[in-house]
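Raw contents of data-v8.pdb, PDB, C-alpha atoms and all ligand atoms:
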```pdb
ATOM      1  CA  MET A 734     -37.982  -2.165  21.942
ATOM      2  CA  SER A 735     -34.407  -2.485  20.825
ATOM      3  CA  SER A 736     -33.557  -0.652  17.666
ATOM      4  CA  ARG A 737     -32.055  -2.833  14.984
ATOM      5  CA  SER A 738     -28.613  -1.762  13.909
ATOM      6  CA  ILE A 739     -28.275  -0.380  10.435
ATOM      7  CA  SER A 740     -25.134  -1.112   8.473
ATOM      8  CA  ARG A 741     -23.153   1.758   7.049
ATOM      9  CA  CYS A 742     -20.261   1.460   4.654
ATOM     10  CA  ALA A 743     -17.931   3.804   2.794
ATOM     11  CA  VAL A 744     -15.009   3.366   0.419
ATOM     12  CA  PHE A 745     -11.988   5.659   0.341
ATOM     13  CA  ALA A 746      -9.034   5.748  -2.024
ATOM     14  CA  ILE A 747      -5.607   6.560  -0.589
ATOM     15  CA  VAL A 748      -3.518   8.377  -3.167
ATOM     16  CA  GLY A 749      -0.257  10.306  -3.175
ATOM     17  CA  ARG A 750       3.185  10.391  -4.714
ATOM     18  CA  PRO A 751       5.592   7.523  -3.959
ATOM     19  CA  ASN A 752       6.969   7.096  -0.439
ATOM     20  CA  VAL A 753       4.701   9.483   1.507
ATOM     21  CA  GLY A 754       3.433   6.620   3.706
ATOM     22  CA  LYS A 755       0.163   5.524   2.088
ATOM     23  CA  SER A 756       0.636   1.830   2.818
ATOM     24  CA  THR A 757       1.883   2.496   6.347
ATOM     25  CA  LEU A 758      -1.287   4.545   6.867
ATOM     26  CA  LEU A 759      -3.495   1.753   5.526
ATOM     27  CA  ASN A 760      -1.862  -0.851   7.763
ATOM     28  CA  ARG A 761      -2.157   1.379  10.796
ATOM     29  CA  MET A 762      -5.812   2.157  10.105
ATOM     30  CA  VAL A 763      -6.857  -1.475   9.693
ATOM     31  CA  GLY A 764      -4.549  -2.556  12.520
ATOM     32  CA  GLN A 765      -2.671  -5.212  10.587
ATOM     33  CA  LYS A 766       0.066  -5.365   8.001
ATOM     34  CA  ILE A 767      -1.611  -6.130   4.689
ATOM     35  CA  SER A 768       0.192  -3.729   2.368
ATOM     36  CA  ILE A 769       3.953  -3.773   2.103
ATOM     37  CA  THR A 770       6.124  -0.765   2.910
ATOM     38  CA  SER A 771       9.744   0.249   2.465
ATOM     39  CA  ARG A 772      12.011   3.272   2.418
ATOM     40  CA  LYS A 773      12.257   2.988  -1.356
ATOM     41  CA  PRO A 774       9.706   4.728  -3.561
ATOM     42  CA  GLN A 775       7.364   2.648  -5.754
ATOM     43  CA  THR A 776       7.012  -0.154  -3.245
ATOM     44  CA  THR A 777       3.296  -0.664  -3.824
ATOM     45  CA  ARG A 778       2.576  -2.012  -7.316
ATOM     46  CA  TYR A 779      -0.958  -3.304  -6.985
ATOM     47  CA  GLN A 780      -4.023  -1.888  -5.370
ATOM     48  CA  VAL A 781      -4.684  -3.452  -1.968
ATOM     49  CA  ASN A 782      -7.991  -2.933  -0.204
ATOM     50  CA  GLY A 783      -8.069  -2.811   3.581
ATOM     51  CA  ILE A 784     -11.236  -3.216   5.634
ATOM     52  CA  LEU A 785     -11.892  -1.670   9.033
ATOM     53  CA  GLN A 786     -15.030  -2.497  10.973
ATOM     54  CA  ARG A 787     -15.925   0.156  13.567
ATOM     55  CA  GLY A 788     -19.172  -0.851  15.230
ATOM     56  CA  GLU A 789     -21.893  -0.619  12.605
ATOM     57  CA  VAL A 790     -19.623   1.174  10.157
ATOM     58  CA  GLN A 791     -17.410  -0.573   7.637
ATOM     59  CA  LEU A 792     -14.625   1.530   6.171
ATOM     60  CA  VAL A 793     -12.913   0.228   3.057
ATOM     61  CA  PHE A 794      -9.601   1.752   1.990
ATOM     62  CA  ALA A 795      -7.927   1.281  -1.363
ATOM     63  CA  ASP A 796      -4.153   1.654  -1.068
ATOM     64  CA  THR A 797      -2.703   2.585  -4.452
ATOM     65  CA  PRO A 798       0.780   2.727  -5.997
ATOM     66  CA  GLY A 799       2.569   6.066  -5.693
ATOM     67  CA  TRP A 800       1.583   8.378  -8.511
ATOM     68  CA  GLN A 801       4.404   9.053 -10.934
ATOM     69  CA  ARG A 802       4.550  12.227 -12.954
ATOM     70  CA  GLN A 803       6.600  10.689 -15.721
ATOM     71  CA  PRO A 804       5.973   6.954 -15.678
ATOM     72  CA  GLN A 805       8.782   5.075 -17.408
ATOM     73  CA  GLY A 806       7.784   1.854 -19.079
ATOM     74  CA  ARG A 807       4.763  -0.373 -19.052
ATOM     75  CA  LEU A 808       4.744  -1.430 -15.398
ATOM     76  CA  HIS A 809       4.803   2.192 -14.215
ATOM     77  CA  LYS A 810       2.034   3.150 -16.605
ATOM     78  CA  LEU A 811      -0.048   0.290 -15.235
ATOM     79  CA  MET A 812       0.674   1.518 -11.709
ATOM     80  CA  ASN A 813      -0.603   4.995 -12.582
ATOM     81  CA  GLN A 814      -3.685   3.483 -14.238
ATOM     82  CA  GLN A 815      -4.534   1.647 -11.040
ATOM     83  CA  ILE A 816      -4.773   4.968  -9.202
ATOM     84  CA  GLU A 817      -7.148   6.193 -11.859
ATOM     85  CA  HIS A 818      -9.346   3.111 -11.377
ATOM     86  CA  ALA A 819      -9.222   3.235  -7.604
ATOM     87  CA  THR A 820     -10.772   6.693  -7.661
ATOM     88  CA  HIS A 821     -13.942   5.440  -9.333
ATOM     89  CA  GLU A 822     -16.991   4.486  -7.307
ATOM     90  CA  ILE A 823     -15.606   5.738  -4.025
ATOM     91  CA  ASP A 824     -17.157   7.869  -1.301
ATOM     92  CA  GLY A 825     -14.089   9.904  -0.424
ATOM     93  CA  LEU A 826     -10.482  10.446  -1.276
ATOM     94  CA  LEU A 827      -7.432  10.790   0.957
ATOM     95  CA  LEU A 828      -4.499  12.627  -0.558
ATOM     96  CA  VAL A 829      -1.446  11.791   1.515
ATOM     97  CA  ILE A 830       1.547  14.117   1.604
ATOM     98  CA  ASP A 831       4.799  14.163   3.572
ATOM     99  CA  ALA A 832       4.865  16.991   6.148
ATOM    100  CA  THR A 833       8.519  17.659   5.388
ATOM    101  CA  GLN A 834       8.371  17.831   1.583
ATOM    102  CA  TRP A 835       5.864  19.429  -0.745
ATOM    103  CA  ARG A 836       6.914  18.550  -4.289
ATOM    104  CA  THR A 837       5.781  19.157  -7.859
ATOM    105  CA  GLU A 838       4.006  15.783  -7.838
ATOM    106  CA  ASP A 839       2.021  16.824  -4.757
ATOM    107  CA  GLU A 840       1.073  20.058  -6.449
ATOM    108  CA  ALA A 841      -0.042  18.207  -9.585
ATOM    109  CA  LEU A 842      -1.991  15.596  -7.625
ATOM    110  CA  ALA A 843      -3.671  18.165  -5.366
ATOM    111  CA  GLY A 844      -4.876  19.820  -8.548
ATOM    112  CA  SER A 845      -6.055  16.683 -10.316
ATOM    113  CA  VAL A 846      -7.974  15.238  -7.345
ATOM    114  CA  GLN A 847     -10.141  18.364  -7.333
ATOM    115  CA  SER A 848     -12.094  16.908 -10.238
ATOM    116  CA  PHE A 849     -13.297  14.172  -7.860
ATOM    117  CA  ASP A 850     -16.851  15.034  -6.953
ATOM    118  CA  GLY A 851     -16.941  13.991  -3.287
ATOM    119  CA  PRO A 852     -15.188  14.677   0.010
ATOM    120  CA  LYS A 853     -11.446  15.128  -0.326
ATOM    121  CA  TYR A 854      -9.176  14.984   2.700
ATOM    122  CA  LEU A 855      -5.595  16.132   2.876
ATOM    123  CA  VAL A 856      -3.595  13.837   5.149
ATOM    124  CA  ILE A 857      -0.291  15.357   6.179
ATOM    125  CA  ASN A 858       1.793  12.394   7.234
ATOM    126  CA  LYS A 859       5.158  11.991   8.978
ATOM    127  CA  MET A 860       4.371  14.737  11.487
ATOM    128  CA  ASP A 861       6.942  13.129  13.803
ATOM    129  CA  LYS A 862       9.679  14.272  11.404
ATOM    130  CA  LEU A 863       8.695  17.908  11.620
ATOM    131  CA  ASN A 864      10.847  19.841  14.092
ATOM    132  CA  ARG A 865       8.740  22.975  14.186
ATOM    133  CA  ARG A 866       5.021  22.380  13.862
ATOM    134  CA  GLU A 867       4.388  26.099  13.317
ATOM    135  CA  GLY A 868       6.183  25.736   9.992
ATOM    136  CA  LEU A 869       3.263  23.696   8.759
ATOM    137  CA  LEU A 870       0.669  26.462   8.986
ATOM    138  CA  PRO A 871       1.865  28.498   5.993
ATOM    139  CA  LEU A 872       1.961  25.290   3.931
ATOM    140  CA  ILE A 873      -1.584  24.338   4.938
ATOM    141  CA  GLU A 874      -2.798  27.866   4.225
ATOM    142  CA  SER A 875      -1.173  27.997   0.839
ATOM    143  CA  ILE A 876      -2.564  24.560  -0.130
ATOM    144  CA  ALA A 877      -6.044  25.396   1.190
ATOM    145  CA  ALA A 878      -6.079  28.701  -0.714
ATOM    146  CA  ARG A 879      -5.538  26.918  -4.005
ATOM    147  CA  PHE A 880      -7.110  23.520  -3.471
ATOM    148  CA  PRO A 881     -10.337  23.251  -1.493
ATOM    149  CA  PHE A 882      -9.991  20.133   0.667
ATOM    150  CA  ASP A 883     -12.890  19.275   2.987
ATOM    151  CA  ALA A 884     -10.543  18.805   5.918
ATOM    152  CA  VAL A 885      -6.843  18.607   6.714
ATOM    153  CA  TYR A 886      -5.407  16.001   9.089
ATOM    154  CA  PRO A 887      -1.821  16.134  10.297
ATOM    155  CA  VAL A 888      -1.016  12.553  11.339
ATOM    156  CA  CYS A 889       1.775  10.111  12.000
ATOM    157  CA  ALA A 890       1.008   6.786  10.324
ATOM    158  CA  LEU A 891       4.024   5.230  11.980
ATOM    159  CA  ASN A 892       2.802   5.686  15.571
ATOM    160  CA  GLY A 893      -0.898   6.307  14.910
ATOM    161  CA  ASP A 894      -1.035   9.936  16.098
ATOM    162  CA  ASN A 895      -4.311  11.646  15.222
ATOM    163  CA  LEU A 896      -5.627   8.708  13.233
ATOM    164  CA  GLU A 897      -8.616   8.162  15.522
ATOM    165  CA  VAL A 898      -9.832  11.688  14.742
ATOM    166  CA  LEU A 899      -9.508  11.003  11.037
ATOM    167  CA  LEU A 900     -11.305   7.648  11.303
ATOM    168  CA  ASP A 901     -14.130   9.207  13.334
ATOM    169  CA  GLU A 902     -14.662  11.798  10.640
ATOM    170  CA  LEU A 903     -14.615   9.216   7.855
ATOM    171  CA  ALA A 904     -16.996   6.926   9.753
ATOM    172  CA  ALA A 905     -19.390   9.843  10.310
ATOM    173  CA  THR A 906     -19.724  10.332   6.556
ATOM    174  CA  ALA A 907     -20.499   6.668   5.764
ATOM    175  CA  PRO A 908     -23.925   6.235   4.169
ATOM    176  CA  GLU A 909     -26.426   3.530   5.096
ATOM    177  CA  ARG A 910     -25.547   0.639   2.864
ATOM    178  CA  PRO A 911     -24.915  -3.096   3.151
ATOM    179  CA  TYR A 912     -21.366  -4.127   4.027
ATOM    180  CA  MET A 913     -19.160  -4.865   1.058
ATOM    181  CA  PHE A 914     -17.065  -7.412   2.931
ATOM    182  CA  ASP A 915     -17.382  -9.862   5.765
ATOM    183  CA  PRO A 916     -16.827  -7.802   8.959
ATOM    184  CA  ASP A 917     -14.021 -10.191   9.999
ATOM    185  CA  GLN A 918     -12.091  -9.645   6.795
ATOM    186  CA  VAL A 919      -9.074  -7.299   6.844
ATOM    187  CA  THR A 920      -8.260  -7.336   3.147
ATOM    188  CA  ASP A 921      -9.875  -8.447  -0.100
ATOM    189  CA  ARG A 922      -6.575  -9.857  -1.297
ATOM    190  CA  PRO A 923      -6.034 -13.608  -0.941
ATOM    191  CA  GLU A 924      -3.457 -14.892   1.520
ATOM    192  CA  ARG A 925      -1.180 -16.119  -1.249
ATOM    193  CA  PHE A 926      -1.076 -12.636  -2.776
ATOM    194  CA  VAL A 927      -0.149 -11.076   0.567
ATOM    195  CA  ALA A 928       2.479 -13.827   1.065
ATOM    196  CA  ALA A 929       4.079 -12.965  -2.293
ATOM    197  CA  GLU A 930       4.016  -9.305  -1.331
ATOM    198  CA  MET A 931       5.741 -10.019   2.009
ATOM    199  CA  ILE A 932       8.597 -11.614   0.064
ATOM    200  CA  ARG A 933       8.715  -8.663  -2.325
ATOM    201  CA  GLU A 934       8.864  -6.339   0.677
ATOM    202  CA  LYS A 935      11.984  -8.074   1.984
ATOM    203  CA  LEU A 936      13.545  -7.783  -1.483
ATOM    204  CA  ALA A 937      12.726  -4.066  -1.497
ATOM    205  CA  ARG A 938      14.196  -3.651   1.958
ATOM    206  CA  GLN A 939      17.311  -5.780   1.548
ATOM    207  CA  LEU A 940      18.430  -5.073  -2.002
ATOM    208  CA  GLY A 941      20.236  -2.009  -3.391
ATOM    209  CA  ALA A 942      18.508   0.941  -4.991
ATOM    210  CA  GLU A 943      17.530  -0.337  -8.434
ATOM    211  CA  LEU A 944      17.163  -4.082  -8.066
ATOM    212  CA  PRO A 945      13.743  -4.288  -6.362
ATOM    213  CA  TYR A 946      12.143  -2.830  -9.471
ATOM    214  CA  ALA A 947      13.387  -5.722 -11.565
ATOM    215  CA  THR A 948      12.035  -8.387  -9.205
ATOM    216  CA  HIS A 949       8.692 -10.074  -9.040
ATOM    217  CA  VAL A 950       7.427 -12.866  -6.820
ATOM    218  CA  VAL A 951       5.104 -15.688  -7.800
ATOM    219  CA  ILE A 952       3.687 -18.220  -5.352
ATOM    220  CA  ASP A 953       3.856 -21.632  -7.029
ATOM    221  CA  THR A 954       2.341 -23.679  -4.198
ATOM    222  CA  PHE A 955       0.426 -22.690  -1.118
ATOM    223  CA  GLU A 956      -0.767 -25.751   0.756
ATOM    224  CA  GLU A 957      -1.884 -26.464   4.268
ATOM    225  CA  ARG A 958      -0.548 -29.796   5.460
ATOM    226  CA  ASP A 959      -1.263 -30.647   9.091
ATOM    227  CA  ALA A 960      -0.468 -27.551  11.118
ATOM    228  CA  VAL A 961       1.999 -26.122   8.611
ATOM    229  CA  THR A 962       1.472 -24.051   5.467
ATOM    230  CA  HIS A 963       3.922 -25.061   2.751
ATOM    231  CA  ILE A 964       4.789 -22.295   0.326
ATOM    232  CA  ASP A 965       6.977 -22.478  -2.783
ATOM    233  CA  ALA A 966       7.823 -19.087  -4.233
ATOM    234  CA  THR A 967       9.780 -17.996  -7.291
ATOM    235  CA  ILE A 968      11.560 -14.660  -7.317
ATOM    236  CA  TRP A 969      11.812 -13.532 -10.926
ATOM    237  CA  VAL A 970      14.581 -11.183 -12.005
ATOM    238  CA  GLU A 971      15.570  -9.796 -15.398
ATOM    239  CA  LYS A 972      19.284 -10.663 -15.623
ATOM    240  CA  PRO A 973      21.628 -13.432 -14.432
ATOM    241  CA  GLY A 974      23.703 -10.822 -12.543
ATOM    242  CA  GLN A 975      20.613  -9.855 -10.562
ATOM    243  CA  LYS A 976      19.999 -13.479  -9.695
ATOM    244  CA  ALA A 977      23.490 -13.674  -8.202
ATOM    245  CA  ILE A 978      22.841 -10.558  -6.117
ATOM    246  CA  VAL A 979      19.518 -11.826  -4.772
ATOM    247  CA  ILE A 980      21.109 -15.155  -3.810
ATOM    248  CA  GLY A 981      24.149 -13.454  -2.286
ATOM    249  CA  SER A 982      27.454 -14.985  -1.364
ATOM    250  CA  GLY A 983      26.938 -18.552  -0.187
ATOM    251  CA  GLY A 984      23.160 -18.018  -0.401
ATOM    252  CA  GLN A 985      23.239 -15.689   2.599
ATOM    253  CA  ARG A 986      20.975 -12.983   1.233
ATOM    254  CA  ILE A 987      18.208 -15.223  -0.033
ATOM    255  CA  LYS A 988      18.286 -16.994   3.308
ATOM    256  CA  GLN A 989      17.787 -13.722   5.190
ATOM    257  CA  ILE A 990      15.025 -12.636   2.816
ATOM    258  CA  GLY A 991      13.287 -15.991   3.197
ATOM    259  CA  THR A 992      13.472 -15.973   6.983
ATOM    260  CA  ALA A 993      12.192 -12.404   7.313
ATOM    261  CA  ALA A 994       9.343 -13.105   4.885
ATOM    262  CA  ARG A 995       8.433 -16.360   6.618
ATOM    263  CA  LEU A 996       8.119 -14.629   9.988
ATOM    264  CA  ASP A 997       5.751 -12.033   8.501
ATOM    265  CA  ILE A 998       3.677 -14.663   6.710
ATOM    266  CA  GLU A 999       3.439 -16.740   9.903
ATOM    267  CA  LYS A1000       2.206 -13.655  11.741
ATOM    268  CA  MET A1001      -0.402 -12.994   9.080
ATOM    269  CA  LEU A1002      -1.637 -16.594   8.907
ATOM    270  CA  GLY A1003      -1.255 -17.380  12.595
ATOM    271  CA  ARG A1004       0.288 -20.690  11.559
ATOM    272  CA  LYS A1005       3.706 -22.194  11.053
ATOM    273  CA  VAL A1006       5.058 -21.747   7.544
ATOM    274  CA  PHE A1007       7.585 -23.745   5.559
ATOM    275  CA  LEU A1008       8.835 -21.419   2.815
ATOM    276  CA  LYS A1009      11.030 -22.462  -0.109
ATOM    277  CA  THR A1010      12.272 -19.846  -2.551
ATOM    278  CA  TRP A1011      13.830 -20.063  -5.998
ATOM    279  CA  VAL A1012      15.404 -17.262  -8.016
ATOM    280  CA  LYS A1013      14.891 -17.375 -11.791
ATOM    281  CA  VAL A1014      15.646 -15.121 -14.751
ATOM    282  CA  LYS A1015      12.929 -13.988 -17.132
ATOM    283  CA  GLY A1016      14.081 -11.290 -19.572
ATOM    284  CA  LYS A1017      12.423  -7.883 -19.447
ATOM    285  CA  TRP A1018       9.201  -8.950 -17.747
ATOM    286  CA  THR A1019       8.359  -5.355 -16.789
ATOM    287  CA  GLU A1020       7.742  -4.610 -20.476
ATOM    288  CA  ASP A1021       5.907  -7.811 -21.411
ATOM    289  CA  PRO A1022       2.115  -7.366 -21.233
ATOM    290  CA  ALA A1023       1.427 -11.104 -21.025
ATOM    291  CA  THR A1024       3.841 -11.556 -18.129
ATOM    292  CA  LEU A1025       2.478  -8.519 -16.327
ATOM    293  CA  GLU A1026      -0.982  -9.999 -16.692
ATOM    294  CA  VAL A1027       0.135 -13.301 -15.194
ATOM    295  CA  PHE A1028       1.994 -11.497 -12.440
ATOM    296  CA  GLY A1029      -1.117  -9.562 -11.489
ATOM    297  CA  ALA A1030      -0.050  -6.036 -12.454
ATOM    298  CA  ARG A1031      -3.068  -5.610 -14.602
ATOM    299  CA  ASP A1032      -6.003  -3.390 -14.830
ATOM    300  CA  ARG A1033      -8.290  -4.476 -11.969
ATOM    301  CA  GLY A1034     -11.113  -2.187 -13.021
TER     302      GLY A1034
HETATM  303  N1  LIG B   1       8.912   9.004  10.284
HETATM  304  C1  LIG B   1       7.860   8.491   9.665
HETATM  305  N2  LIG B   1       8.045   7.628   8.661
HETATM  306  C2  LIG B   1       6.949   7.140   8.049
HETATM  307  C3  LIG B   1       5.634   7.488   8.430
HETATM  308  N3  LIG B   1       4.775   6.835   7.618
HETATM  309  C4  LIG B   1       5.528   6.110   6.770
HETATM  310  N4  LIG B   1       6.843   6.269   7.030
HETATM  311  C5  LIG B   1       7.981   5.655   6.339
HETATM  312  O1  LIG B   1       8.020   6.122   4.998
HETATM  313  C6  LIG B   1       8.502   5.094   4.109
HETATM  314  C7  LIG B   1       7.513   4.875   3.001
HETATM  315  O2  LIG B   1       6.330   4.320   3.544
HETATM  316  P1  LIG B   1       5.278   3.543   2.629
HETATM  317  O3  LIG B   1       4.082   3.288   3.486
HETATM  318  O4  LIG B   1       5.921   2.381   1.974
HETATM  319  O5  LIG B   1       4.968   4.682   1.552
HETATM  320  P2  LIG B   1       4.000   4.619   0.285
HETATM  321  O6  LIG B   1       3.417   5.958   0.118
HETATM  322  O7  LIG B   1       3.048   3.482   0.419
HETATM  323  O8  LIG B   1       5.055   4.345  -0.870
HETATM  324  P3  LIG B   1       4.807   3.715  -2.360
HETATM  325  O9  LIG B   1       4.052   2.451  -2.199
HETATM  326  O10 LIG B   1       6.192   3.501  -2.848
HETATM  327  O11 LIG B   1       4.058   4.764  -3.112
HETATM  328  C8  LIG B   1       8.711   3.862   4.998
HETATM  329  O12 LIG B   1      10.074   3.784   5.336
HETATM  330  C9  LIG B   1       7.848   4.143   6.215
HETATM  331  O13 LIG B   1       8.302   3.516   7.398
HETATM  332  C10 LIG B   1       5.475   8.399   9.531
HETATM  333  O14 LIG B   1       4.372   8.774   9.943
HETATM  334  N5  LIG B   1       6.621   8.869  10.084
HETATM  335 MG    MG B   2       2.731   1.879  -0.780
END
```
Can the structure in the file be given as structure tokens, please?
Ligand SMILES: Nc1nc2c(ncn2[C@@H]2O[C@H](COP(=O)(O)OP(=O)(O)OP(=O)(O)O)[C@@H](O)[C@H]2O)c(=O)[nH]1
Ligand SMILES: [Mg+2]
Amino acid sequence: MSSRSISRCAVFAIVGRPNVGKSTLLNRMVGQKISITSRKPQTTRYQVNGILQRGEVQLVFADTPGWQRQPQGRLHKLMNQQIEHATHEIDGLLLVIDATQWRTEDEALAGSVQSFDGPKYLVINKMDKLNRREGLLPLIESIAARFPFDAVYPVCALNGDNLEVLLDELAATAPERPYMFDPDQVTDRPERFVAAEMIREKLARQLGAELPYATHVVIDTFEERDAVTHIDATIWVEKPGQKAIVIGSGGQRIKQIGTAARLDIEKMLGRKVFLKTWVKVKGKWTEDPATLEVFGARDRG
């Protein structure tokens, strides 16, 4: 008699200070780019859930914005609140740190996650950047002495080193439970959200230090016509000067941003995409609650 398979499912929140590689880790674990990444801190603004089906086990990961010790302004406060919400009704928590830098924010977060009553894993990312691995032991010992994590995983999210071991451990803890998502699904976020994020990623990657924080992307149309998906997107900025920078001389920069984003969106959708972008000015949207609500940076609890 063949035994009927029993579904198991577990939800994990991925938390950490900005730029430690949380979104890179999520993408690598689910095997597809669903959460945007960049060298600049505060790239992730909205929680993105990733889904990984491993046999009978479904692992759900909530990627969160980088935790900020002193959030400035309304958008940053909302970003911190999303971390708070993501850590409710979960089965385990992954605190991600950068192997090369232990900072005050890491110390504060390692302390605050201890109040979570469930398995807590310390994921030490960017191991590829560490010249001497032995240097890590004193750090691990000192963290473990003060903060009792259930396990510590040194990994490299960029090339996938040691991630299988981590995933095996997480899968082993998953309780018997119905799946939360369709096993074919990779994210709970709609395609048009991910498309807007892909554009925001190119802005983060191609603009100078401060500008990405003043930009937001809204998808105005997202339509499949014949074999092509037609997308109209507006890039909102706060000042006319910023608009000029995003457009660039002779429209060069916006063209590059559009092309790079289109290629990513085509990869995600597996279809040809026709992308049109506009750049518009809308005052201090990062401080306007109504605009933030429309833009999606709201409390998703
Ligand atoms: N060398 C190396 N770089 C990595 C690794 N993981 C992530 N990165 C890089 O670190 C930078 C930040 O990665 P993200 O995944 O955007 O970091 P994050 O923690 O999601 O950042 P926020 O969303 O801003 O909080 C990017 O340039 C990544 O390519 C890794 O394992 N090794
Ligand atoms: Mg991120």
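The gap separating atom CA of A:Asn858 from atom CA of A:Glu924 is 28.4 Å, in Å to one decimal.
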* To do: Collect all residues with atoms no farther than 8 Å from ligand MG 2 (chain B), counting all atoms listed in the file, and output them as JSON, numbers by chain.
  => {"A": [751, 752, 754, 755, 756, 757, 768, 769, 770, 771, 775, 776, 777, 778, 796, 797, 798, 799]}
So that I have them on file, write out the residues from the current selection with C-alpha atoms, as a JSON list (two decimals), keeping the file's coordinate frame.
```json
[["chain", "number", "residue", "atom", "x", "y", "z"],
["A", 751, "PRO", "CA", 5.59, 7.52, -3.96],
["A", 752, "ASN", "CA", 6.97, 7.10, -0.44],
["A", 754, "GLY", "CA", 3.43, 6.62, 3.71],
["A", 755, "LYS", "CA", 0.16, 5.52, 2.09],
["A", 756, "SER", "CA", 0.64, 1.83, 2.82],
["A", 757, "THR", "CA", 1.88, 2.50, 6.35],
["A", 768, "SER", "CA", 0.19, -3.73, 2.37],
["A", 769, "ILE", "CA", 3.95, -3.77, 2.10],
["A", 770, "THR", "CA", 6.12, -0.76, 2.91],
["A", 771, "SER", "CA", 9.74, 0.25, 2.46],
["A", 775, "GLN", "CA", 7.36, 2.65, -5.75],
["A", 776, "THR", "CA", 7.01, -0.15, -3.24],
["A", 777, "THR", "CA", 3.30, -0.66, -3.82],
["A", 778, "ARG", "CA", 2.58, -2.01, -7.32],
["A", 796, "ASP", "CA", -4.15, 1.65, -1.07],
["A", 797, "THR", "CA", -2.70, 2.58, -4.45],
["A", 798, "PRO", "CA", 0.78, 2.73, -6.00],
["A", 799, "GLY", "CA", 2.57, 6.07, -5.69]]
```
* Asked: Which residue out of A:Tyr912, A:Tyr946, A:Trp969, A:Phe849 has the minimum interatomic distance to ligand LIG 1 (chain B) when all atoms listed in the file are used?
  ->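 For ligand LIG 1 (chain B), the nearest of the candidates is A:Tyr946.
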* To do: Report the distance between atom CA of A:Ile998 and atom CA of A:Ala942 in Å, rounded to one decimal place.
  =>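 Here the two named atoms are 24.5 Å from each other.
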* Asked: Hey, what's within 12 Å of A:Pro973 if we count all atoms listed in the file and toss same-chain stuff fewer than 6 positions away? As number ranges by chain, please?
  -> A: 947, 979-980, 1012-1017
